[in-house]
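Visitor: Structure file start_14.cif (mmCIF, C-alpha atoms) is given on the next line.
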```cif
data_input
loop_
_atom_site.label_atom_id
_atom_site.label_comp_id
_atom_site.auth_asym_id
_atom_site.auth_seq_id
_atom_site.Cartn_x
_atom_site.Cartn_y
_atom_site.Cartn_z
CA MET Y 1 1.92 -38.63 6.69
CA HIS Y 2 0.83 -35.26 8.03
CA ALA Y 3 -2.76 -34.18 8.25
CA ALA Y 4 -3.59 -31.05 6.27
CA THR Y 5 -3.97 -28.01 8.43
CA SER Y 6 -6.77 -25.59 7.87
CA PRO Y 7 -5.90 -22.22 6.39
CA GLY Y 8 -5.40 -19.39 8.84
CA ARG Y 9 -7.58 -16.34 9.24
CA TYR Y 10 -5.34 -14.26 7.00
CA THR Y 11 -5.55 -16.81 4.18
CA ARG Y 12 -9.33 -17.00 4.57
CA LEU Y 13 -9.58 -13.19 4.51
CA LEU Y 14 -7.47 -13.00 1.35
CA GLY Y 15 -9.55 -15.74 -0.26
CA ASN Y 16 -12.73 -13.84 0.60
CA LEU Y 17 -11.29 -10.68 -0.99
CA GLU Y 18 -10.29 -12.63 -4.10
CA ASP Y 19 -13.85 -13.96 -4.39
CA ALA Y 20 -15.59 -10.64 -3.59
CA THR Y 21 -17.49 -9.92 -6.80
CA SER Y 22 -18.79 -6.76 -5.12
CA LEU Y 23 -15.36 -5.27 -5.89
CA ASP Y 24 -15.75 -5.87 -9.63
CA ALA Y 25 -17.32 -2.46 -10.32
CA ALA Y 26 -14.23 -0.79 -8.85
CA VAL Y 27 -11.96 -3.13 -10.83
CA ASP Y 28 -13.83 -2.29 -14.04
CA ALA Y 29 -13.58 1.45 -13.32
CA ALA Y 30 -9.82 1.32 -12.66
CA GLU Y 31 -8.82 -0.99 -15.52
CA PRO Y 32 -8.82 1.60 -18.35
CA LEU Y 33 -6.37 3.91 -16.56
CA ALA Y 34 -4.12 1.05 -15.51
CA SER Y 35 -4.10 -0.38 -19.01
CA ARG Y 36 -3.23 3.03 -20.50
CA LEU Y 37 -0.27 3.27 -18.13
CA MET Y 38 1.08 0.00 -19.53
CA SER Y 39 0.30 0.64 -23.21
CA GLN Y 40 3.67 2.20 -24.05
CA PRO Y 41 6.44 -0.41 -24.43
CA ARG Y 42 9.15 1.72 -22.74
CA ILE Y 43 6.93 2.54 -19.77
CA ARG Y 44 5.82 -1.08 -19.51
CA SER Y 45 9.46 -2.20 -19.49
CA LEU Y 46 10.32 0.31 -16.76
CA ILE Y 47 7.27 -0.59 -14.64
CA ARG Y 48 7.91 -4.33 -14.94
CA GLY Y 49 11.57 -3.86 -14.05
CA ASP Y 50 12.91 -5.48 -17.19
CA THR Y 51 16.30 -3.79 -16.66
CA THR Y 52 16.63 -4.16 -12.89
CA GLY Y 53 14.75 -7.42 -12.41
CA ILE Y 54 12.64 -5.69 -9.76
CA PRO Y 55 9.25 -4.15 -10.56
CA LEU Y 56 9.33 -0.36 -10.14
CA HIS Y 57 6.46 -0.39 -7.64
CA THR Y 58 8.43 -2.67 -5.33
CA ILE Y 59 11.27 -0.13 -5.31
CA LEU Y 60 9.07 2.97 -4.98
CA THR Y 61 7.12 1.68 -1.98
CA ASP Y 62 10.25 2.26 0.13
CA GLY Y 63 9.78 6.04 -0.32
CA PRO Y 64 6.46 6.66 1.42
CA PHE Y 65 6.78 3.65 3.69
CA GLY Y 66 10.26 4.65 4.84
CA ALA Y 67 9.42 8.33 5.27
CA TRP Y 68 6.23 7.67 7.22
CA TRP Y 69 7.73 5.01 9.48
CA SER Y 70 10.72 7.26 10.15
CA ALA Y 71 8.32 10.02 11.16
CA VAL Y 72 6.56 7.63 13.54
CA PHE Y 73 9.95 6.80 15.06
CA LEU Y 74 10.93 10.48 15.42
CA ASP Y 75 7.58 11.15 17.08
CA LEU Y 76 8.91 9.19 20.06
CA PHE Y 77 11.18 12.16 20.81
CA ASP Y 78 9.78 15.41 22.11
CA ASP Y 79 12.30 17.97 20.88
CA ASP Y 80 11.81 20.66 18.25
CA ALA Y 81 14.29 19.17 15.77
CA SER Y 82 12.53 15.79 15.85
CA ARG Y 83 9.15 17.49 15.43
CA ARG Y 84 10.34 19.46 12.39
CA SER Y 85 11.98 16.39 10.89
CA SER Y 86 8.94 14.19 11.39
CA GLN Y 87 6.71 16.85 9.80
CA ARG Y 88 9.02 16.97 6.78
CA LEU Y 89 9.11 13.18 6.54
CA VAL Y 90 5.31 13.04 6.58
CA ALA Y 91 5.25 15.52 3.68
CA LEU Y 92 7.94 13.57 1.81
CA GLY Y 93 5.89 10.39 2.17
CA VAL Y 94 2.82 12.11 0.74
CA VAL Y 95 4.78 13.35 -2.28
CA ALA Y 96 6.42 9.94 -2.80
CA ALA Y 97 3.02 8.22 -2.62
CA VAL Y 98 1.98 9.64 -6.00
CA PRO Y 99 4.49 7.88 -8.29
CA THR Y 100 4.25 4.82 -6.07
CA ALA Y 101 0.50 4.66 -6.61
CA LEU Y 102 0.83 5.16 -10.37
CA SER Y 103 3.38 2.37 -10.66
CA GLY Y 104 1.16 0.16 -8.49
CA TRP Y 105 -1.85 0.71 -10.75
CA ALA Y 106 0.24 -0.10 -13.78
CA THR Y 107 1.53 -3.31 -12.19
CA TRP Y 108 -2.00 -4.16 -11.07
CA SER Y 109 -3.18 -4.12 -14.70
CA GLY Y 110 -1.34 -7.39 -15.34
CA LYS Y 111 -3.03 -9.31 -12.54
CA ASP Y 112 -6.00 -11.63 -12.92
CA ARG Y 113 -9.48 -10.71 -11.64
CA PRO Y 114 -9.16 -12.25 -8.13
CA LEU Y 115 -5.87 -10.46 -7.47
CA LYS Y 116 -7.26 -7.25 -8.94
CA ARG Y 117 -9.98 -7.41 -6.29
CA VAL Y 118 -7.34 -7.63 -3.57
CA GLY Y 119 -5.52 -4.78 -5.33
CA ILE Y 120 -8.58 -2.55 -5.05
CA VAL Y 121 -8.60 -3.02 -1.28
CA HIS Y 122 -4.81 -2.52 -1.18
CA ALA Y 123 -5.19 0.74 -3.10
CA GLY Y 124 -8.03 1.85 -0.85
CA ALA Y 125 -5.94 1.23 2.26
CA ASN Y 126 -3.07 3.18 0.69
CA ALA Y 127 -5.36 6.04 -0.27
CA ALA Y 128 -6.77 6.12 3.26
CA ALA Y 129 -3.25 6.07 4.74
CA THR Y 130 -2.19 8.91 2.46
CA ALA Y 131 -5.25 10.96 3.46
CA VAL Y 132 -4.49 10.35 7.14
CA TYR Y 133 -0.86 11.41 6.63
CA ILE Y 134 -2.01 14.56 4.81
CA ALA Y 135 -4.20 15.31 7.84
CA SER Y 136 -1.20 14.59 10.09
CA TRP Y 137 0.94 17.04 8.13
CA ARG Y 138 -1.80 19.71 8.28
CA ALA Y 139 -2.20 19.27 12.03
CA ARG Y 140 1.55 19.55 12.55
CA SER Y 141 1.74 22.59 10.26
CA ARG Y 142 -0.91 24.31 12.34
CA GLY Y 143 0.95 23.65 15.58
CA ASN Y 144 -1.09 20.67 16.76
CA HIS Y 145 1.78 18.21 16.98
CA ARG Y 146 -0.06 15.81 19.29
CA LEU Y 147 -2.90 15.35 16.82
CA GLY Y 148 -0.37 14.97 14.02
CA VAL Y 149 1.36 12.18 15.95
CA ARG Y 150 -1.92 10.37 16.65
CA LEU Y 151 -2.90 10.61 13.00
CA ALA Y 152 0.50 9.31 11.88
CA ARG Y 153 0.10 6.30 14.16
CA ALA Y 154 -3.33 5.61 12.66
CA GLY Y 155 -1.79 5.94 9.20
CA ALA Y 156 0.87 3.42 10.20
CA VAL Y 157 -1.83 0.86 11.01
CA LEU Y 158 -3.33 1.38 7.56
CA LEU Y 159 0.15 0.95 6.05
CA LEU Y 160 0.53 -2.40 7.79
CA VAL Y 161 -2.79 -3.61 6.38
CA SER Y 162 -1.87 -2.35 2.94
CA GLY Y 163 1.61 -3.85 3.14
CA PHE Y 164 0.26 -7.32 3.87
CA LEU Y 165 -2.16 -7.04 0.95
CA GLY Y 166 0.64 -5.76 -1.30
CA GLY Y 167 2.83 -8.67 -0.30
CA HIS Y 168 0.06 -11.04 -1.30
CA LEU Y 169 -0.32 -9.28 -4.64
CA SER Y 170 3.37 -9.42 -5.39
CA SER Y 171 3.52 -13.13 -4.59
CA GLY Y 172 1.03 -13.84 -7.37
CA ARG Y 173 -0.41 -16.75 -5.36
CA HIS Y 174 -4.09 -17.20 -4.74
CA ALA Y 175 -5.40 -17.66 -1.22
CA SER Y 176 -8.71 -18.93 -2.57
CA GLY Y 177 -6.84 -21.93 -3.97
CA GLN Y 178 -5.23 -22.56 -0.60
CA ARG Y 179 -8.62 -22.36 1.03
CA ALA Y 180 -10.02 -24.89 -1.41
CA LEU Y 181 -7.19 -27.33 -0.62
CA HIS Y 182 -8.10 -27.25 3.06
CA GLY Y 183 -11.83 -26.67 2.52
#
```
Translate this structure into structure tokens?

Guide:
Amino acid sequence: MHAATSPGRYTRLLGNLEDATSLDAAVDAAEPLASRLMSQPRIRSLIRGDTTGIPLHTILTDGPFGAWWSAVFLDLFDDDASRRSSQRLVALGVVAAVPTALSGWATWSGKDRPLKRVGIVHAGANAAATAVYIASWRARSRGNHRLGVRLARAGAVLLLVSGFLGGHLSSGRHASGQRALHG
């Protein structure tokens, strides 16, 4: 028989987010829009991925994530073509973030309250990443490539945080339950 191990820091953090009633005001403010997005049966079917078996948000996240990480990779090279390409990829990621966010909000509407709290933080990290990438694009557009690169790297850190939270949301499992098992 194995002794139960205590939950890790990540599980404890997720459990704390799930239990954070201070996020309820933001949940309550976002719920009407998210519910409206899912009120039409055809849109709901598309968002849930009834045809593909994969929720639309899961597919769309590859757009901004892929564009922004590709830009970070190209930023390792110091030639004009790589600079132009990375600037375009940053812009592409910003544009792709809009439908990705809308599909995420719609998917979020079907979660329970604890996961909606995590979703608020996930959305905030995504919004912050998008703002940082907009600043990166502006810096690059104005000829300050170095600042644009530094901002893109900061945006990448935010994407990692958001990605972990998004993975938790898509799993549908509750960390607070795991924490209680090991309590």

Visitor: Nearest to Y:Leu169 among Y:Ser109, Y:Ser70, Y:Ser35, Y:Thr100, with distances taken over all atoms listed in the file: which residue is it?

Guide: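 Counting all atoms listed in the file, the residue closest to Y:Leu169 is Y:Ser109.
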
Visitor: May I have the protein, DNA and RNA residues with an atom at most 12 Å from (-6.4, 3.1, -14.0), counting all atoms listed in the file in the file's coordinates, returned as a PDB file with C-alpha atoms, in the frame of the given file?

Guide:
```
ATOM      1  CA  ALA Y  26     -14.230  -0.790  -8.850  1.00  0.00           C
ATOM      2  CA  VAL Y  27     -11.960  -3.130 -10.830  1.00  0.00           C
ATOM      3  CA  ASP Y  28     -13.830  -2.290 -14.040  1.00  0.00           C
ATOM      4  CA  ALA Y  29     -13.580   1.450 -13.320  1.00  0.00           C
ATOM      5  CA  ALA Y  30      -9.820   1.320 -12.660  1.00  0.00           C
ATOM      6  CA  GLU Y  31      -8.820  -0.990 -15.520  1.00  0.00           C
ATOM      7  CA  PRO Y  32      -8.820   1.600 -18.350  1.00  0.00           C
ATOM      8  CA  LEU Y  33      -6.370   3.910 -16.560  1.00  0.00           C
ATOM      9  CA  ALA Y  34      -4.120   1.050 -15.510  1.00  0.00           C
ATOM     10  CA  SER Y  35      -4.100  -0.380 -19.010  1.00  0.00           C
ATOM     11  CA  ARG Y  36      -3.230   3.030 -20.500  1.00  0.00           C
ATOM     12  CA  LEU Y  37      -0.270   3.270 -18.130  1.00  0.00           C
ATOM     13  CA  MET Y  38       1.080   0.000 -19.530  1.00  0.00           C
ATOM     14  CA  SER Y  39       0.300   0.640 -23.210  1.00  0.00           C
ATOM     15  CA  ALA Y 101       0.500   4.660  -6.610  1.00  0.00           C
ATOM     16  CA  LEU Y 102       0.830   5.160 -10.370  1.00  0.00           C
ATOM     17  CA  SER Y 103       3.380   2.370 -10.660  1.00  0.00           C
ATOM     18  CA  GLY Y 104       1.160   0.160  -8.490  1.00  0.00           C
ATOM     19  CA  TRP Y 105      -1.850   0.710 -10.750  1.00  0.00           C
ATOM     20  CA  ALA Y 106       0.240  -0.100 -13.780  1.00  0.00           C
ATOM     21  CA  THR Y 107       1.530  -3.310 -12.190  1.00  0.00           C
ATOM     22  CA  TRP Y 108      -2.000  -4.160 -11.070  1.00  0.00           C
ATOM     23  CA  SER Y 109      -3.180  -4.120 -14.700  1.00  0.00           C
ATOM     24  CA  GLY Y 110      -1.340  -7.390 -15.340  1.00  0.00           C
ATOM     25  CA  LYS Y 116      -7.260  -7.250  -8.940  1.00  0.00           C
ATOM     26  CA  GLY Y 119      -5.520  -4.780  -5.330  1.00  0.00           C
ATOM     27  CA  ILE Y 120      -8.580  -2.550  -5.050  1.00  0.00           C
ATOM     28  CA  ALA Y 123      -5.190   0.740  -3.100  1.00  0.00           C
TER      29      ALA Y 123
END
```

Visitor: To test your reading of the syntax: which residues would the PyMOL selection byres ((chain Y and resi 171-177) around 12) return for the file shown? Reply as a ChimeraX atom specification.

Guide: /Y:7-20,58,107-108,110-119,164-170,178-183

Visitor: For stretch 80-97 of chain Y, find every residue with an atom within 7 Å (counting only C-alpha atoms), except residues of its own chain fewer than 6 positions away, and show them as a list in words.

Guide: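 Final neighbour list, sorted by chain and number: Gly63, Pro64, Phe65, Ala67, Trp68, Ala71, Leu74, Thr130, Tyr133, Ile134, Trp137 and Arg140 of chain Y.
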
Visitor: What is the atom CA of Y:Gly49-atom CA of Y:Trp69 distance in Å, reported with one decimal?

Guide: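 So the answer is 25.4 Å.
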
Visitor: Can you measure atom CA of Y:Ser45 to atom CA of Y:Thr61 for me? One decimal in Å is fine.

Guide: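 Value for the atom CA of Y:Ser45-atom CA of Y:Thr61 distance: 18.1 Å.
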
Visitor: Please compute the atom CA of Y:Gly66-atom CA of Y:Val132 distance, one decimal, in Å.

Guide: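 Answer for the atom CA of Y:Gly66 to atom CA of Y:Val132 separation: 16.0 Å.
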
Visitor: Taking the file as shown, what set of residues would the PyMOL selection byres ((chain Y and resi 152) around 7) give back, as an MDAnalysis selection string?

Guide: chainID Y and resid 72 132:133 136 148:151 153:156

Visitor: Selected residues, C-alpha atoms, written as an mmCIF file, keeping the file's coordinate frame, please.

Guide:
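Below you can see again.cif, which holds the result:
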```cif
data_model
loop_
_atom_site.group_PDB
_atom_site.id
_atom_site.type_symbol
_atom_site.label_atom_id
_atom_site.label_comp_id
_atom_site.auth_asym_id
_atom_site.auth_seq_id
_atom_site.Cartn_x
_atom_site.Cartn_y
_atom_site.Cartn_z
ATOM 1 C CA VAL Y 72 6.560 7.630 13.540
ATOM 2 C CA VAL Y 132 -4.490 10.350 7.140
ATOM 3 C CA TYR Y 133 -0.860 11.410 6.630
ATOM 4 C CA SER Y 136 -1.200 14.590 10.090
ATOM 5 C CA GLY Y 148 -0.370 14.970 14.020
ATOM 6 C CA VAL Y 149 1.360 12.180 15.950
ATOM 7 C CA ARG Y 150 -1.920 10.370 16.650
ATOM 8 C CA LEU Y 151 -2.900 10.610 13.000
ATOM 9 C CA ARG Y 153 0.100 6.300 14.160
ATOM 10 C CA ALA Y 154 -3.330 5.610 12.660
ATOM 11 C CA GLY Y 155 -1.790 5.940 9.200
ATOM 12 C CA ALA Y 156 0.870 3.420 10.200
#
```

Visitor: With distances taken over all atoms listed in the file, which residue among Y:Leu158, Y:Ile59, Y:His145, Y:Gly53 lies nearest Y:Phe77?

Guide: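 Of Y:Leu158, Y:Ile59, Y:His145, Y:Gly53, the one nearest Y:Phe77, counting all atoms listed in the file, is Y:His145.
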
Visitor: Please return stretch 27-46 of chain Y, rebuilt to N, CA and C atoms, as a PDB file, keeping the file's coordinate frame.

Guide:
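The result, stored in selection-v9.pdb:
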```
ATOM      1  N   VAL Y  27     -12.976  -2.571  -9.916  1.00  0.00           N
ATOM      2  CA  VAL Y  27     -11.960  -3.130 -10.830  1.00  0.00           C
ATOM      3  C   VAL Y  27     -12.222  -2.624 -12.241  1.00  0.00           C
ATOM      4  N   ASP Y  28     -13.472  -2.718 -12.684  1.00  0.00           N
ATOM      5  CA  ASP Y  28     -13.830  -2.290 -14.040  1.00  0.00           C
ATOM      6  C   ASP Y  28     -13.575  -0.796 -14.245  1.00  0.00           C
ATOM      7  N   ALA Y  29     -13.799   0.003 -13.206  1.00  0.00           N
ATOM      8  CA  ALA Y  29     -13.580   1.450 -13.320  1.00  0.00           C
ATOM      9  C   ALA Y  29     -12.086   1.780 -13.395  1.00  0.00           C
ATOM     10  N   ALA Y  30     -11.256   1.024 -12.713  1.00  0.00           N
ATOM     11  CA  ALA Y  30      -9.820   1.320 -12.660  1.00  0.00           C
ATOM     12  C   ALA Y  30      -9.046   0.736 -13.845  1.00  0.00           C
ATOM     13  N   GLU Y  31      -9.554  -0.299 -14.460  1.00  0.00           N
ATOM     14  CA  GLU Y  31      -8.820  -0.990 -15.520  1.00  0.00           C
ATOM     15  C   GLU Y  31      -8.404  -0.097 -16.692  1.00  0.00           C
ATOM     16  N   PRO Y  32      -9.251   0.793 -17.194  1.00  0.00           N
ATOM     17  CA  PRO Y  32      -8.820   1.600 -18.350  1.00  0.00           C
ATOM     18  C   PRO Y  32      -7.574   2.450 -18.059  1.00  0.00           C
ATOM     19  N   LEU Y  33      -7.531   3.088 -16.909  1.00  0.00           N
ATOM     20  CA  LEU Y  33      -6.370   3.910 -16.560  1.00  0.00           C
ATOM     21  C   LEU Y  33      -5.129   3.035 -16.415  1.00  0.00           C
ATOM     22  N   ALA Y  34      -5.256   1.940 -15.714  1.00  0.00           N
ATOM     23  CA  ALA Y  34      -4.120   1.050 -15.510  1.00  0.00           C
ATOM     24  C   ALA Y  34      -3.610   0.503 -16.834  1.00  0.00           C
ATOM     25  N   SER Y  35      -4.508   0.148 -17.710  1.00  0.00           N
ATOM     26  CA  SER Y  35      -4.100  -0.380 -19.010  1.00  0.00           C
ATOM     27  C   SER Y  35      -3.403   0.688 -19.852  1.00  0.00           C
ATOM     28  N   ARG Y  36      -3.890   1.926 -19.773  1.00  0.00           N
ATOM     29  CA  ARG Y  36      -3.230   3.030 -20.500  1.00  0.00           C
ATOM     30  C   ARG Y  36      -1.810   3.230 -19.996  1.00  0.00           C
ATOM     31  N   LEU Y  37      -1.612   3.102 -18.682  1.00  0.00           N
ATOM     32  CA  LEU Y  37      -0.270   3.270 -18.130  1.00  0.00           C
ATOM     33  C   LEU Y  37       0.704   2.250 -18.699  1.00  0.00           C
ATOM     34  N   MET Y  38       0.209   1.077 -19.037  1.00  0.00           N
ATOM     35  CA  MET Y  38       1.080   0.000 -19.530  1.00  0.00           C
ATOM     36  C   MET Y  38       1.067  -0.128 -21.055  1.00  0.00           C
ATOM     37  N   SER Y  39       0.417   0.777 -21.762  1.00  0.00           N
ATOM     38  CA  SER Y  39       0.300   0.640 -23.210  1.00  0.00           C
ATOM     39  C   SER Y  39       1.569   0.996 -23.970  1.00  0.00           C
ATOM     40  N   GLN Y  40       2.423   1.811 -23.402  1.00  0.00           N
ATOM     41  CA  GLN Y  40       3.670   2.200 -24.050  1.00  0.00           C
ATOM     42  C   GLN Y  40       4.776   1.202 -23.708  1.00  0.00           C
ATOM     43  N   PRO Y  41       5.433   0.625 -24.699  1.00  0.00           N
ATOM     44  CA  PRO Y  41       6.440  -0.410 -24.430  1.00  0.00           C
ATOM     45  C   PRO Y  41       7.563   0.041 -23.479  1.00  0.00           C
ATOM     46  N   ARG Y  42       8.049   1.258 -23.607  1.00  0.00           N
ATOM     47  CA  ARG Y  42       9.150   1.720 -22.740  1.00  0.00           C
ATOM     48  C   ARG Y  42       8.682   1.880 -21.296  1.00  0.00           C
ATOM     49  N   ILE Y  43       7.480   2.394 -21.126  1.00  0.00           N
ATOM     50  CA  ILE Y  43       6.930   2.540 -19.770  1.00  0.00           C
ATOM     51  C   ILE Y  43       6.662   1.162 -19.180  1.00  0.00           C
ATOM     52  N   ARG Y  44       6.098   0.282 -19.972  1.00  0.00           N
ATOM     53  CA  ARG Y  44       5.820  -1.080 -19.510  1.00  0.00           C
ATOM     54  C   ARG Y  44       7.109  -1.766 -19.070  1.00  0.00           C
ATOM     55  N   SER Y  45       8.171  -1.599 -19.836  1.00  0.00           N
ATOM     56  CA  SER Y  45       9.460  -2.200 -19.490  1.00  0.00           C
ATOM     57  C   SER Y  45       9.994  -1.634 -18.176  1.00  0.00           C
ATOM     58  N   LEU Y  46       9.872  -0.326 -18.005  1.00  0.00           N
ATOM     59  CA  LEU Y  46      10.320   0.310 -16.760  1.00  0.00           C
ATOM     60  C   LEU Y  46       9.492  -0.173 -15.573  1.00  0.00           C
TER      61      LEU Y  46
END
```
